[in-house]
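Participant: This is the structure, below, for whatever I ask next.
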Amino acid sequence: MIHVIATIELQPGVRARFLEEFARLVPEVKAEDGCLEYGAAVDVSSGSPAQIAMRPDVVTVVEKWSTLDALRAHAVAPHMGAYRARVKELVVKTTLQVLEPA
């Protein structure tokens with residue numbers, strides 16, 4: 001199994017608009033071979049002193065894939081290209097952590 005944590009930094013004030021576009025994408029991604037989990041998450045204050053500061057212009061995508069090949073196929077899927085074009089002006093930067101269970 002492969003875990004992916006995608007951190008998407010957005011232009012100020014566009015998170016709700018971005019999440020609408022992301023919601024349109026989710027069913028297509030979940031239908032891909034090898035997709036085990038795919039969803040957006042946003043910071044919530046826990047009161048823990050160890051927690052990082054709230055990030056109102058960040059969306060974290062939590063993904064699980066059956067194999068690296070499934071993840072690679074996802075990256076080049078046509079619906080991903082269409083999604084990237086739709087959100088291009090909203091996104092400042094995306095970073096990925098690709099992990100395997102230890």
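Letters A, B, ... mark the chains of the structure tokens in the order given; residue numbers begin at 1 per chain; ligand numbers begin at 1, in order shown.
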Name the residues in contact with Glu89 in chain A at a cut-off of 10 Å, using only C-alpha atoms, excluding same-chain residues fewer than 5 positions from it; report them as an MDAnalysis selection string.

Facilitator: chainID A and resid 10:11 14 18 84

Participant: Quick one: everything within 6 Å of range 91-97 of chain A, counting only C-alpha atoms, minus sequence neighbours fewer than 2 positions away in the same chain. Send it as a ChimeraX atom specification.

Facilitator: /A:4-11,88-89

Participant: Looking at only C-alpha atoms, which of A:Leu71, A:Leu19, A:Val58, A:Ala77 is the one that sits closest to Leu36 in chain A?

Facilitator: A:Leu71

Participant: Distance table requested - range 35-55 of chain A against range 24-30 of chain A, cut-off 8 Å, only C-alpha atoms: one row per qualifying residue with the closest atom pair and its distance in Å to one decimal, ordered by chain and rising residue number, as a Markdown table.

Facilitator:
| residue | atom | partner | partner_atom | distance |
| --- | --- | --- | --- | --- |
| A:Cys35 | CA | A:Lys30 | CA | 5.6 |
| A:Leu36 | CA | A:Lys30 | CA | 7.3 |
| A:Glu37 | CA | A:Lys30 | CA | 7.1 |
| A:Tyr38 | CA | A:Lys30 | CA | 6.6 |
| A:Gly39 | CA | A:Val26 | CA | 7.1 |

Participant: I need the residue nearest Ala23 in chain A from this list: A:Ala73, A:Ala40, A:Lys64, A:Ser48. Use only C-alpha atoms for the distance.

Facilitator: A:Ala40

Participant: Work out how far CA of Pro78 in chain A is from CA of Met1 in chain A, in Å to one decimal.

Facilitator: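 Between CA of Met1 in chain A and CA of Pro78 in chain A the gap works out to 23.3 Å.
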
Participant: Identify which of the residues A:Ala41, A:Ala75, A:Ile2, A:Arg15 lies closest to Leu90 in chain A, counting only C-alpha atoms when measuring atom-to-atom distances.

Facilitator: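 Selected residue with least distance to Leu90 in chain A: A:Arg15.
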
Participant: So which one's closest to Glu32 in chain A, A:Arg17, A:His3, A:Arg55, A:Arg72? Using only C-alpha atoms, please.

Facilitator: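 Going through A:Arg17, A:His3, A:Arg55, A:Arg72 one by one, the smallest distance to Glu32 in chain A is for A:Arg72.
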
Participant: Please give the complete set of residues from range 8-61 of chain A that DSSP, run on the backbone, assigns to strand (DSSP E), formatted as a list of chain:residue names.

Facilitator: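 Residues of range 8-61 of chain A classed as strand (DSSP E): A:Ile8, A:Glu9, A:Leu10, A:Cys35, A:Leu36, A:Glu37, A:Tyr38, A:Gly39, A:Ala40, A:Ala41, A:Val58, A:Val59, A:Thr60, A:Val61.
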
Participant: Hey, what's within 10 Å of Arg86 in chain A if we count only C-alpha atoms and toss same-chain stuff fewer than 5 positions away? As a list of chain:residue names, please?

Facilitator: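 That gives A:Phe18, A:Glu21, A:Phe22, A:Met80, A:Gly81.
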
Participant: Would you list, as a list of chain:residue names, the residues of range 45-91 of chain A that end up in alpha helix (DSSP H) under DSSP run on this structure's backbone?

Facilitator: A:Leu68, A:Asp69, A:Ala70, A:Leu71, A:Arg72, A:Ala73, A:His74, A:Ala75, A:Pro78, A:His79, A:Met80, A:Gly81, A:Ala82, A:Tyr83, A:Arg84, A:Ala85, A:Arg86, A:Val87

Participant: Between CA of Val62 in chain A and CA of Asp33 in chain A, measure the distance and give it in Å to one decimal.

Facilitator: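 Those two atoms sit 16.9 Å apart.
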